[in-house]
Every structure is written in structure tokens, then in C-alpha cells.
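The block underneath contains the structure these notes are about, expressed in C-alpha cells.
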Amino acid sequence: MNAMRRLLLLLPAISFVSCSVPDMFASSTPHKIKLKDGREVPCEGAPQYQEKTGYYRYRTPDKRDAVIRADDVATIVEKRA
């Protein structure tokens, strides 16, 4: 019975940690979004495509969240040092 109580107390903590694990492994390598009009947008890590909205979500070099319409994107490339 004591083991069952411990398990019930640990379950919320385990589920909380497991939700944050994917963020720990997210790419932090700088990327560049090349737009169809020729502009280039720098971003921290790989942009994530949001299928529901049709936009790419990314983080700017100054640590702000931003979005860009997928129809405007030509390519996304990893910046090389």
C-alpha cells in the first residue's frame, strides 16, 4: 500500500518532466529562412511548422518568438560557422 501511494505521488512529477524533455533536445543551431522575395531571416534553432495555421514558428536571435507564413518560405538552411 505504501508503494502505491508513492507511485501516485510521483505520477504528476513524471508526466511534467516528460512533457519538457523534447525542448531539452531541440536544435539550438542557428538557421536561416530564405524567403521567395530574396530576403533572409535569421533564427535560433530550426523553425517549427504549425500545420494548423500554415505558419512557421521560430525564435529570433534576440530571443523573441515570431511566425512567418509558410507560403512565403523558399528554403530553410542551417547556418554554418
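Labels for the C-alpha cells follow display order: chains A, B, ..., residues from 1 in each chain, ligands from 1.
Summary of the local environment: counting only C-alpha atoms, residues at most 10 Å from Ile68 of chain A, other than itself and those fewer than 6 positions away along its chain, are Ile33, Leu35, Val41, Pro47, Tyr49, Gly54, Tyr55, Tyr56, Arg57 and Tyr58 of chain A.
As for atom CA of Asp71 of chain A and atom CA of Glu44 of chain A, they are spaced 20.6 Å apart.
Distances here use only C-alpha atoms; by that measure, the residue among A:Thr53, A:Ala66, A:Thr60, A:Asn2 closest to Lys32 of chain A is A:Thr60.
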Please list as a list in words every residue within 12 Å of Asp37 of chain A, counting only C-alpha atoms and excluding residues in the same chain fewer than 6 positions away. Asp71, Asp72, Val73, Ala74 and Thr75 of chain A
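Distance-wise, atom CA of Glu78 of chain A and atom CA of Arg59 of chain A end up 14.0 Å apart.
Near Lys79 of chain A, within 12 Å and counting only C-alpha atoms, sit Ser28, Thr29, Pro30, His31, Lys32, Ile33, Lys34, Glu40, Val41, Pro42, Cys43, Glu44, Gly45 and Ala46 of chain A; same-chain residues fewer than 5 positions away were not included.
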Could those residues be written to a file, using N, CA and C atoms, as a compact mmCIF listing (two decimals), in the first residue's frame?
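File written: out_14.txt
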# COMPACT_ATOMS: atom_id res chain seq x y z
N SER A 28 19.44 24.04 -31.25
CA SER A 28 19.74 25.43 -30.99
C SER A 28 20.71 25.98 -32.03
N THR A 29 20.99 25.20 -33.06
CA THR A 29 21.86 25.63 -34.13
C THR A 29 21.17 26.75 -34.92
N PRO A 30 21.86 27.85 -35.16
CA PRO A 30 21.24 28.94 -35.93
C PRO A 30 20.82 28.47 -37.32
N HIS A 31 19.69 28.94 -37.77
CA HIS A 31 19.17 28.63 -39.10
C HIS A 31 18.87 29.94 -39.82
N LYS A 32 18.66 29.83 -41.12
CA LYS A 32 18.30 30.97 -41.92
C LYS A 32 17.08 30.60 -42.75
N ILE A 33 16.05 31.41 -42.69
CA ILE A 33 14.86 31.21 -43.51
C ILE A 33 15.02 32.10 -44.74
N LYS A 34 15.07 31.48 -45.91
CA LYS A 34 15.16 32.24 -47.15
C LYS A 34 13.76 32.38 -47.72
N GLU A 40 16.42 37.17 -46.30
CA GLU A 40 16.84 36.10 -45.41
C GLU A 40 16.52 36.50 -43.98
N VAL A 41 15.94 35.58 -43.23
CA VAL A 41 15.55 35.83 -41.85
C VAL A 41 16.36 34.90 -40.95
N PRO A 42 17.21 35.45 -40.07
CA PRO A 42 17.97 34.59 -39.16
C PRO A 42 17.09 34.10 -38.02
N CYS A 43 17.35 32.90 -37.54
CA CYS A 43 16.59 32.39 -36.40
C CYS A 43 17.45 31.44 -35.58
N GLU A 44 17.11 31.34 -34.31
CA GLU A 44 17.80 30.43 -33.39
C GLU A 44 17.10 29.08 -33.46
N GLY A 45 17.80 28.05 -33.81
CA GLY A 45 17.21 26.72 -33.90
C GLY A 45 16.38 26.57 -35.17
N ALA A 46 15.90 25.39 -35.38
CA ALA A 46 15.10 25.09 -36.58
C ALA A 46 13.67 25.58 -36.38
